[in-house]
$ cat data-v8.cif   # mmCIF, C-alpha atoms and all ligand atoms
data_work
loop_
_atom_site.label_atom_id
_atom_site.label_comp_id
_atom_site.auth_asym_id
_atom_site.auth_seq_id
_atom_site.Cartn_x
_atom_site.Cartn_y
_atom_site.Cartn_z
CA MET R 1 144.09 91.22 119.49
CA ALA R 2 145.63 89.87 116.30
CA TYR R 3 143.96 86.68 115.11
CA ARG R 4 144.14 84.72 111.89
CA HIS R 5 141.13 85.37 109.70
CA ARG R 6 139.89 85.49 106.12
CA GLU R 7 141.47 87.92 103.76
CA GLY R 8 139.09 90.60 102.55
CA ILE R 9 136.97 90.84 105.72
CA ASP R 10 138.96 93.85 106.94
CA SER R 11 137.98 95.89 103.90
CA LEU R 12 134.30 94.89 104.16
CA PRO R 13 131.93 97.72 105.10
CA SER R 14 129.82 96.87 108.17
CA TYR R 15 126.07 96.86 107.61
CA LYS R 16 124.71 100.13 108.96
CA GLN R 17 121.34 99.81 110.61
CA GLY R 18 118.99 102.80 110.29
CA LYS R 19 119.47 105.13 113.27
CA PRO R 20 116.88 105.04 116.07
CA ALA R 21 114.60 108.03 116.56
CA PRO R 22 116.80 110.87 117.82
CA ALA R 23 116.82 111.49 121.56
CA GLY R 24 116.60 114.95 123.06
CA ALA R 25 114.32 116.67 120.52
CA ARG R 26 111.65 118.87 122.10
CA VAL R 27 108.98 117.24 119.95
CA PRO R 28 108.07 113.51 119.67
CA SER R 29 110.76 111.84 117.60
CA TYR R 30 110.33 109.28 114.83
CA LYS R 31 112.48 106.65 113.16
CA ILE R 32 112.07 106.95 109.40
CA SER R 33 115.45 105.44 108.55
CA SER R 34 114.73 101.72 107.95
CA ASN R 35 111.68 101.55 105.66
CA GLU R 36 109.67 99.92 108.43
CA ASN R 37 105.90 99.80 108.67
CA PRO R 38 104.71 102.57 111.02
CA TYR R 39 101.60 100.65 112.13
CA PRO R 40 101.64 98.61 115.35
CA PRO R 41 101.26 94.82 115.07
CA LEU R 42 97.71 93.68 114.25
CA GLU R 43 95.79 92.36 117.25
CA SER R 44 95.02 89.10 115.42
CA VAL R 45 98.71 88.51 114.73
CA ARG R 46 99.70 89.31 118.32
CA SER R 47 97.19 86.92 119.83
CA ARG R 48 98.05 84.02 117.48
CA VAL R 49 101.74 84.50 118.24
CA ALA R 50 101.02 84.50 121.97
CA ASP R 51 98.71 81.49 121.85
CA GLN R 52 100.60 79.18 119.55
CA ALA R 53 104.22 80.13 119.48
CA LEU R 54 105.26 81.53 122.81
CA THR R 55 104.14 78.34 124.58
CA ARG R 56 106.56 76.24 122.53
CA MET R 57 109.87 77.98 123.00
CA ASN R 58 111.46 74.89 124.55
CA ARG R 59 111.12 73.15 121.14
CA TYR R 60 112.97 73.75 117.87
CA PRO R 61 110.82 75.15 115.06
CA ASP R 62 109.80 73.14 112.00
CA MET R 63 112.97 73.72 110.00
CA ARG R 64 111.20 73.57 106.65
CA GLY R 65 108.38 75.85 107.82
CA THR R 66 105.94 73.42 106.21
CA ARG R 67 102.69 75.28 106.93
CA VAL R 68 104.04 78.61 105.73
CA VAL R 69 105.64 76.98 102.70
CA GLU R 70 102.35 75.31 101.73
CA ARG R 71 100.43 78.53 102.24
CA LEU R 72 102.87 80.57 100.13
CA ALA R 73 102.89 77.92 97.40
CA ALA R 74 99.09 78.17 97.16
CA LEU R 75 99.29 81.98 97.18
CA HIS R 76 101.75 82.05 94.28
CA GLY R 77 100.26 79.12 92.33
CA VAL R 78 103.43 77.01 92.63
CA GLU R 79 104.39 73.80 94.45
CA PRO R 80 105.80 73.67 97.99
CA ASP R 81 109.13 72.55 96.56
CA ASN R 82 109.32 75.96 94.87
CA ILE R 83 109.41 77.80 98.23
CA GLN R 84 112.31 78.36 100.62
CA LEU R 85 112.09 80.35 103.86
CA GLY R 86 114.82 82.38 105.49
CA CYS R 87 115.17 84.63 108.54
CA GLY R 88 114.28 87.71 106.56
CA SER R 89 114.82 87.93 102.83
CA THR R 90 118.36 88.97 103.78
CA GLU R 91 119.02 85.35 104.70
CA VAL R 92 117.31 84.07 101.56
CA ILE R 93 119.56 86.29 99.44
CA THR R 94 122.56 85.11 101.45
CA GLN R 95 121.57 81.49 100.84
CA LEU R 96 121.30 82.16 97.13
CA VAL R 97 124.68 83.84 96.84
CA ASP R 98 126.30 81.12 98.98
CA LEU R 99 124.72 78.52 96.72
CA VAL R 100 125.90 79.89 93.39
CA ALA R 101 128.97 82.07 93.90
CA GLY R 102 132.40 81.50 95.43
CA PRO R 103 135.97 82.57 94.74
CA GLY R 104 136.44 83.49 91.07
CA ASP R 105 132.70 84.02 90.50
CA GLU R 106 130.87 87.30 89.98
CA VAL R 107 127.52 88.69 91.09
CA VAL R 108 126.11 91.60 89.06
CA TYR R 109 123.80 94.12 90.70
CA PRO R 110 122.82 97.80 90.40
CA TRP R 111 124.55 100.36 92.60
CA ARG R 112 123.65 102.16 94.71
CA SER R 113 121.27 99.51 95.98
CA PHE R 114 120.59 97.36 99.06
CA GLU R 115 123.59 97.71 101.34
CA ALA R 116 123.67 94.03 102.23
CA TYR R 117 124.56 92.92 98.67
CA PRO R 118 128.29 93.77 98.78
CA ILE R 119 128.62 92.22 102.24
CA ILE R 120 126.83 89.00 101.26
CA VAL R 121 128.86 88.63 98.06
CA ALA R 122 132.18 89.31 99.78
CA CYS R 123 131.38 86.85 102.59
CA ALA R 124 130.78 84.17 99.95
CA GLY R 125 134.27 84.91 98.59
CA ALA R 126 132.83 86.07 95.25
CA ALA R 127 133.31 89.41 93.47
CA SER R 128 130.71 92.16 93.19
CA VAL R 129 130.14 93.79 89.82
CA GLN R 130 128.30 97.00 90.67
CA VAL R 131 126.54 98.62 87.73
CA PRO R 132 125.86 102.34 88.33
CA LEU R 133 122.24 103.47 88.31
CA THR R 134 121.12 105.89 85.59
CA GLY R 135 120.91 109.62 86.34
CA GLU R 136 117.28 109.06 87.41
CA GLY R 137 118.32 106.45 89.98
CA ARG R 138 117.03 103.55 87.87
CA HIS R 139 118.58 100.22 86.88
CA ASP R 140 120.71 100.52 83.75
CA ILE R 141 119.50 97.35 82.09
CA ASP R 142 121.80 97.51 79.08
CA ALA R 143 124.87 98.06 81.24
CA MET R 144 123.80 95.21 83.53
CA THR R 145 123.40 92.90 80.56
CA ALA R 146 126.79 93.95 79.22
CA ALA R 147 128.39 93.20 82.61
CA VAL R 148 127.49 89.50 82.36
CA ASN R 149 130.30 87.14 81.35
CA ASP R 150 131.45 83.55 81.91
CA ARG R 151 132.18 84.24 85.56
CA THR R 152 128.70 85.60 86.32
CA ARG R 153 126.67 83.36 88.61
CA LEU R 154 123.86 85.72 89.63
CA VAL R 155 122.27 88.99 88.48
CA ILE R 156 120.23 90.89 91.06
CA VAL R 157 117.29 93.12 90.18
CA ASN R 158 116.08 95.23 93.12
CA ASN R 159 112.56 96.28 92.26
CA PRO R 160 111.74 98.86 93.54
CA ASN R 161 115.34 99.79 94.23
CA ASN R 162 116.48 100.59 97.75
CA PRO R 163 117.38 103.45 98.33
CA THR R 164 116.16 105.32 95.23
CA ALA R 165 112.63 103.76 95.29
CA THR R 166 112.61 103.58 91.49
CA PRO R 167 110.88 100.69 89.71
CA VAL R 168 112.08 98.42 86.91
CA SER R 169 109.52 98.43 84.10
CA ARG R 170 107.95 95.33 82.62
CA GLY R 171 109.81 95.93 79.35
CA GLU R 172 113.15 96.36 81.12
CA ALA R 173 112.72 93.20 83.18
CA ASP R 174 111.67 91.28 80.09
CA ARG R 175 114.71 92.52 78.17
CA LEU R 176 117.06 91.46 80.95
CA VAL R 177 115.52 88.02 81.45
CA ARG R 178 115.69 87.31 77.72
CA ALA R 179 119.28 88.51 77.39
CA LEU R 180 120.78 86.33 80.12
CA PRO R 181 122.06 82.78 79.63
CA ALA R 182 119.64 80.15 80.99
CA ASP R 183 122.21 78.85 83.50
CA VAL R 184 122.76 82.24 85.18
CA LEU R 185 120.26 82.87 87.97
CA ILE R 186 118.37 86.19 88.11
CA LEU R 187 117.15 87.31 91.51
CA PHE R 188 114.20 89.68 91.69
CA ASP R 189 114.55 91.15 95.17
CA GLU R 190 111.01 92.37 95.80
CA ALA R 191 111.11 93.53 99.42
CA TYR R 192 108.80 96.46 98.56
CA VAL R 193 106.64 94.88 95.86
CA GLN R 194 103.36 95.62 97.68
CA PHE R 195 104.05 99.36 97.39
CA ASN R 196 104.82 99.21 93.67
CA ASP R 197 101.73 100.70 92.04
CA SER R 198 103.44 101.46 88.73
CA PRO R 199 101.09 100.89 85.78
CA ASP R 200 104.05 99.23 84.11
CA ARG R 201 104.84 97.07 87.13
CA ALA R 202 107.08 94.04 86.65
CA GLU R 203 107.13 91.11 89.06
CA GLY R 204 109.55 88.22 89.03
CA MET R 205 106.57 85.87 89.18
CA ASP R 206 105.55 87.10 85.69
CA PHE R 207 108.66 85.35 84.36
CA PHE R 208 108.53 82.26 86.55
CA PRO R 209 108.21 79.37 85.61
CA ASP R 210 108.78 80.14 81.89
CA HIS R 211 112.29 81.12 82.95
CA PRO R 212 113.35 78.65 85.65
CA ASN R 213 116.54 80.64 86.27
CA VAL R 214 114.38 83.38 87.84
CA VAL R 215 114.31 83.52 91.65
CA VAL R 216 111.95 85.83 93.53
CA ALA R 217 112.74 87.03 97.06
CA ARG R 218 109.99 88.50 99.23
CA THR R 219 109.72 89.50 102.86
CA PHE R 220 107.21 89.85 105.66
CA SER R 221 109.27 92.74 107.08
CA LYS R 222 107.82 95.69 105.19
CA ALA R 223 104.18 95.60 104.05
CA TYR R 224 103.34 92.91 106.63
CA GLY R 225 105.09 94.77 109.44
CA LEU R 226 107.05 91.80 110.83
CA ALA R 227 110.57 93.25 110.53
CA GLY R 228 111.38 92.29 114.12
CA LEU R 229 110.49 88.63 113.70
CA ARG R 230 112.70 87.89 110.66
CA ILE R 231 110.91 85.91 107.98
CA GLY R 232 111.19 86.08 104.22
CA TYR R 233 111.10 83.61 101.35
CA ALA R 234 112.21 82.74 97.87
CA VAL R 235 110.23 81.28 94.98
CA ALA R 236 112.57 79.27 92.78
CA ALA R 237 112.98 76.10 90.74
CA PRO R 238 112.94 72.93 92.92
CA GLU R 239 116.63 72.27 92.18
CA VAL R 240 117.47 75.75 93.44
CA VAL R 241 115.26 75.39 96.52
CA GLU R 242 117.00 72.12 97.34
CA GLY R 243 120.37 73.89 97.17
CA LEU R 244 119.13 76.82 99.26
CA GLY R 245 118.05 74.38 101.96
CA LYS R 246 121.57 72.96 102.12
CA VAL R 247 123.23 76.31 102.80
CA ALA R 248 120.46 77.73 105.02
CA LEU R 249 121.04 78.50 108.68
CA PRO R 250 119.53 75.45 110.42
CA PHE R 251 116.39 76.40 112.40
CA GLY R 252 116.86 80.03 111.36
CA VAL R 253 113.14 80.82 111.08
CA THR R 254 111.50 80.66 114.50
CA ASP R 255 108.06 79.27 115.31
CA VAL R 256 107.05 82.76 116.37
CA ALA R 257 107.94 84.10 112.93
CA GLN R 258 106.15 81.24 111.17
CA VAL R 259 102.94 81.70 113.17
CA ALA R 260 103.07 85.46 112.65
CA ALA R 261 103.47 84.99 108.89
CA LEU R 262 100.45 82.68 108.74
CA ALA R 263 98.36 85.07 110.84
CA SER R 264 99.43 87.97 108.61
CA LEU R 265 98.41 86.09 105.48
CA ASP R 266 95.01 85.56 107.15
CA ALA R 267 94.78 89.31 107.75
CA GLN R 268 95.60 90.19 104.16
CA GLU R 269 92.68 92.57 103.68
CA GLU R 270 93.50 94.58 106.78
CA LEU R 271 97.17 94.73 105.78
CA ASP R 272 96.26 95.81 102.25
CA GLY R 273 94.32 98.69 103.81
CA ARG R 274 97.48 99.78 105.61
CA VAL R 275 99.52 99.58 102.42
CA LYS R 276 96.91 101.74 100.70
CA ALA R 277 97.10 104.31 103.50
CA ILE R 278 100.91 104.41 103.22
CA LEU R 279 100.59 104.96 99.46
CA GLY R 280 98.17 107.81 100.19
CA GLU R 281 100.71 109.36 102.56
CA ARG R 282 103.47 108.90 99.98
CA ALA R 283 101.40 110.77 97.39
CA ARG R 284 100.66 113.56 99.89
CA VAL R 285 104.33 114.01 100.80
CA LEU R 286 105.67 113.79 97.25
CA ASP R 287 103.03 116.16 95.85
CA ALA R 288 103.94 118.68 98.53
CA LEU R 289 107.68 118.35 97.84
CA ARG R 290 107.25 118.67 94.08
CA GLY R 291 105.15 121.75 94.78
CA GLN R 292 108.16 123.13 96.70
CA GLY R 293 110.28 122.69 93.55
CA TRP R 294 112.03 119.39 94.35
CA ARG R 295 112.96 117.21 91.40
CA LEU R 296 112.69 113.69 92.78
CA PRO R 297 113.03 110.27 91.22
CA GLU R 298 109.80 108.28 90.81
CA SER R 299 108.98 106.44 94.07
CA ARG R 300 107.15 103.12 93.99
CA ALA R 301 108.13 102.04 97.50
CA ASN R 302 107.32 103.06 101.09
CA PHE R 303 110.19 105.55 100.99
CA PHE R 304 111.65 108.13 98.66
CA TRP R 305 115.02 109.54 97.71
CA LEU R 306 116.22 113.10 98.19
CA PRO R 307 119.21 113.58 95.86
CA LEU R 308 121.10 116.09 97.98
CA GLY R 309 124.67 115.36 96.93
CA GLU R 310 127.14 117.34 99.03
CA GLY R 311 124.29 118.81 101.05
CA THR R 312 123.38 115.39 102.47
CA ARG R 313 125.11 115.57 105.83
CA ALA R 314 123.80 119.02 106.74
CA ALA R 315 120.29 118.04 105.68
CA ALA R 316 120.43 114.84 107.78
CA ASP R 317 121.45 116.95 110.79
CA ARG R 318 118.50 119.24 110.13
CA PHE R 319 116.13 116.24 110.14
CA ALA R 320 117.68 114.92 113.37
CA ALA R 321 117.35 118.32 115.06
CA SER R 322 113.62 118.09 114.34
CA GLY R 323 113.34 114.63 115.86
CA LEU R 324 113.56 112.58 112.65
CA SER R 325 116.21 109.95 111.93
CA VAL R 326 116.61 109.45 108.19
CA ARG R 327 119.06 107.32 106.21
CA ALA R 328 121.86 109.48 104.87
CA PHE R 329 124.36 108.38 102.24
CA PRO R 330 126.99 111.12 102.53
CA GLY R 331 127.75 112.83 99.23
CA GLU R 332 124.75 111.17 97.56
CA GLY R 333 121.42 111.72 99.23
CA ILE R 334 118.89 110.82 101.89
CA ARG R 335 116.36 108.00 101.97
CA VAL R 336 113.20 108.96 103.81
CA THR R 337 110.67 106.34 104.93
CA ILE R 338 106.97 107.21 104.76
CA GLY R 339 106.10 106.99 108.44
CA GLU R 340 103.52 108.21 110.89
CA GLY R 341 101.34 111.14 109.70
CA GLU R 342 103.06 113.56 112.06
CA ALA R 343 106.51 112.43 110.90
CA ASN R 344 105.43 112.96 107.30
CA ASP R 345 104.10 116.45 108.12
CA ARG R 346 107.46 117.29 109.59
CA VAL R 347 109.31 115.93 106.54
CA ILE R 348 107.27 118.32 104.38
CA GLU R 349 108.16 121.26 106.61
CA ILE R 350 111.89 120.47 106.71
CA CYS R 351 112.00 119.94 102.95
CA ARG R 352 110.32 123.31 102.47
CA GLU R 353 113.24 124.88 104.39
CA LEU R 354 115.86 122.80 102.55
CA ALA R 355 114.37 123.76 99.17
CA ARG R 356 115.14 127.39 99.96
C1 LIG R 401 115.95 95.74 98.89
C2 LIG R 401 115.86 94.96 100.15
N1 LIG R 401 115.91 93.63 100.08
C3 LIG R 401 115.84 92.88 101.17
C4 LIG R 401 115.72 93.44 102.41
C5 LIG R 401 115.71 92.53 103.56
O1 LIG R 401 114.69 92.62 104.44
P1 LIG R 401 114.45 91.49 105.50
O2 LIG R 401 115.72 90.75 105.73
O3 LIG R 401 113.96 92.19 106.69
O4 LIG R 401 113.43 90.58 104.88
C6 LIG R 401 115.67 94.83 102.55
C7 LIG R 401 115.59 95.46 103.86
O5 LIG R 401 115.73 96.61 104.08
C8 LIG R 401 115.75 95.60 101.38
O6 LIG R 401 115.72 96.94 101.43
#

$ encode --input "data-v8.cif" --output "C-alpha cells"
Amino acid sequence: MAYRHREGIDSLPSYKQGKPAPAGARVPSYKISSNENPYPPLESVRSRVADQALTRMNRYPDMRGTRVVERLAALHGVEPDNIQLGCGSTEVITQLVDLVAGPGDEVVYPWRSFEAYPIIVACAGAASVQVPLTGEGRHDIDAMTAAVNDRTRLVIVNNPNNPTATPVSRGEADRLVRALPADVLILFDEAYVQFNDSPDRAEGMDFFPDHPNVVVARTFSKAYGLAGLRIGYAVAAPEVVEGLGKVALPFGVTDVAQVAALASLDAQEELDGRVKAILGERARVLDALRGQGWRLPESRANFFWLPLGEGTRAAADRFAASGLSVRAFPGEGIRVTIGEGEANDRVIEICRELAR
C-alpha cells in the first residue's frame, strides 16, 4: 500500500537483531550473536521481580524511576538530577540525539560501530558523519576531531567499540574531550564498560563533571544480564537530563525493569564474579586463537572481532552448521560473543579449521 511518509525512511537500514541459536544442528546450539550474558538470571533478582513488580502490573511505573535514579546517583557520586533512565541505553541514546540534533545538524561517530546509531540519527532527521575506524578497528580520534564543525551537535565515543571490541585509551579520550567546543555534547556509550580491563581504561565519568558537555550512557543489559527487561541510563548535566526527560518515551521503563535493576545493584558482588568468569573465558578463547595464528584486534568487551573480509559469509555458515549463531557483517568480519563454556570450546575448534 502506498502511504504518505517521511522522506529518508525508505533508505534507512532496518536494525538487525542477532540471529537465534540455529535449529537443526546435531549438537546443542548456542546464540552468540547479541553480546548477551550467558548466565541465567540470579535467584535474588528473580524473586524480587516476582514479589514486588509482577503484583503491580495494573499500575503505571514511576516514570522518573526515582529509586533507581537515587541509587545510581549514589553509585556514581552525582546528584539524582544527573541521572536519566531509558528502556535500554538504546532509548537513552535516542533521547539524546532527539534532544540535540534535527534537520541540518550532524552527529559524528566512529564506523563501523553500534548499528543503532545511523537509524537513531536518521529518525531524528539529522545527518550521520561516520568516521572510519583505524586499520586496528579503533576510533580514529584525530579524524573524529577534524569532522566536527558548526553543524555538529553530538560526538559519540563507543568504548569498547561494538563490533570490534577495541577500547579508547585514556589519552585518546582526553584529547577528544579537550578538542571539542564546550557546547557540543560528547556521548561515551559504555554498554560494555564492566568488561574493559585495559590498564589504560578511560571512562566518561573521569571527565564528568569537569566537562559538563560529557554524557555517559550505561546499560543493565550486558554485565547485569537484564537485556530482556530493557533498562539503561545516562549520567549528564542537569540541564541535559531535563531535556532528555522531555523527549523520553513516557512510562518507557517498567516497574519490573526498575525492581530488577535495584536487585542487581544489590547483587553486585555476585555479578562481578560472573564478569570475571567471562573475562577468563575471553582470555582462554583469544589465547587459543592467537596460538592458531589469528591476528585479532584487542578485545576489551564480552565479544571479539574476526576480521574475515570476503570470507565472512562462508565462515558464518560454518559456525551455523556447528550450532552457533554469530553476528556476520558481510565483506567485513564476524563478531563473536563470549558465551557458555561449550559454545566457546566450539568457537576455538571452528576457528582452528578456518585458520587453515
Ligand atoms: C555499543 C552499544 N550501545 C548500546 C547498546 C544498547 O543496549 P541496550 O539498549 O540493551 O541497553 C548496545 C547493545 O547491543 C551496544 O552494543

$ residues_near_ligand --input "data-v8.cif" --ligand "ligand LIG 401 (chain R)" --cutoff "10 Å" --atoms "all atoms listed in the file" --output "ChimeraX atom specification"
/R:17-18,33-36,86-94,113-117,157-163,165,188-193,217-222,225-233,301

$ closest_atom_pairs --input "data-v8.cif" --of "segment 82-135 of chain R" --to "segment 45-66 of chain R" --cutoff "10 Å" --atoms "only C-alpha atoms" --output "JSON lines"
{"residue": "R:Ile83", "atom": "CA", "partner": "R:Arg64", "partner_atom": "CA", "distance": 9.6}
{"residue": "R:Gln84", "atom": "CA", "partner": "R:Arg64", "partner_atom": "CA", "distance": 7.8}
{"residue": "R:Leu85", "atom": "CA", "partner": "R:Gly65", "partner_atom": "CA", "distance": 7.0}
{"residue": "R:Gly86", "atom": "CA", "partner": "R:Gly65", "partner_atom": "CA", "distance": 9.5}

$ write_last_selection --input "data-v8.cif" --atoms "C-alpha atoms" --output "compact mmCIF listing (two decimals), in the coordinates of the input"
# COMPACT_ATOMS: atom_id res chain seq x y z
CA ILE R 83 109.41 77.80 98.23
CA GLN R 84 112.31 78.36 100.62
CA LEU R 85 112.09 80.35 103.86
CA GLY R 86 114.82 82.38 105.49

$ residues_around --input "data-v8.cif" --residues "Gly341 of chain R" --least-positions-apart "6" --cutoff "10 Å" --atoms "all atoms listed in the file" --output "list in words"
Pro38, Ile278, Glu281, Val285 and Val347 of chain R

$ closest_residue --input "data-v8.cif" --among "R:Pro28, R:Pro167, R:Pro250, R:Pro118" --to "Ile141 of chain R" --atoms "only C-alpha atoms"
R:Pro167

$ closest_residue --input "data-v8.cif" --among "R:Ile348, R:Leu180, R:Val259, R:Val275" --to "Arg67 of chain R" --atoms "all atoms listed in the file"
R:Val259

$ atom_distance --input "data-v8.cif" --atom1 "atom CA of Asn344 of chain R" --atom2 "atom CA of Arg300 of chain R"
16.6 Å

$ atom_distance --input "data-v8.cif" --atom1 "atom CA of Ala124 of chain R" --atom2 "atom CA of Arg151 of chain R"
14.5 Å

$ closest_residue --input "data-v8.cif" --among "R:Ala73, R:Ala173, R:Ala101, R:Ala202" --to "Val235 of chain R" --atoms "all atoms listed in the file"
R:Ala73

$ residues_around --input "data-v8.cif" --residues "Ala320 of chain R" --least-positions-apart "2" --cutoff "12 Å" --atoms "all atoms listed in the file" --output "ChimeraX atom specification"
/R:19-33,313-318,322-328,343,346-347,350

$ atom_distance --input "data-v8.cif" --atom1 "atom CA of Phe303 of chain R" --atom2 "atom CA of Val253 of chain R"
26.9 Å

$ closest_residue --input "data-v8.cif" --among "R:Ala248, R:Val129, R:Val121, R:Leu289" --to "Ala147 of chain R" --atoms "all atoms listed in the file"
R:Val129

$ residues_around --input "data-v8.cif" --residues "Phe304 of chain R" --least-positions-apart "5" --cutoff "6 Å" --atoms "only C-alpha atoms" --output "number ranges by chain"
R: 165, 299, 335-336

$ closest_residue --input "data-v8.cif" --among "R:Pro103, R:Pro238, R:Pro110, R:Pro330" --to "Gly311 of chain R" --atoms "only C-alpha atoms"
R:Pro330

$ residues_around --input "data-v8.cif" --residues "Asp272 of chain R" --least-positions-apart "5" --cutoff "9 Å" --atoms "all atoms listed in the file" --output "mmCIF file with C-alpha atoms, in the frame of the given file"
data_model
loop_
_atom_site.group_PDB
_atom_site.id
_atom_site.type_symbol
_atom_site.label_atom_id
_atom_site.label_comp_id
_atom_site.auth_asym_id
_atom_site.auth_seq_id
_atom_site.Cartn_x
_atom_site.Cartn_y
_atom_site.Cartn_z
ATOM 1 C CA GLN R 194 103.360 95.620 97.680
ATOM 2 C CA ALA R 223 104.180 95.600 104.050
ATOM 3 C CA TYR R 224 103.340 92.910 106.630
ATOM 4 C CA ALA R 267 94.780 89.310 107.750
ATOM 5 C CA ALA R 277 97.100 104.310 103.500
#

$ closest_residue --input "data-v8.cif" --among "R:Gly245, R:Leu133, R:Gly331, R:Arg6" --to "Asp81 of chain R" --atoms "only C-alpha atoms"
R:Gly245

$ residues_around --input "data-v8.cif" --residues "Thr134 of chain R" --least-positions-apart "3" --cutoff "12 Å" --atoms "all atoms listed in the file" --output "VMD selection string"
chain R and resid 110 to 112 131 137 to 144 164 166 168 297

$ axis_aligned_box --input "data-v8.cif" --around "segment 256-266 of chain R" --padding-each-side "5 Å" --output "JSON"
{"center_x": 101.5, "center_y": 84.6, "center_z": 110.9, "size_x": 22.9, "size_y": 16.7, "size_z": 20.9}

$ residues_near_point --input "data-v8.cif" --point "(107.7, 119.7, 99.7)" --cutoff "8 Å" --atoms "all atoms listed in the file" --output "count of residues only"
16
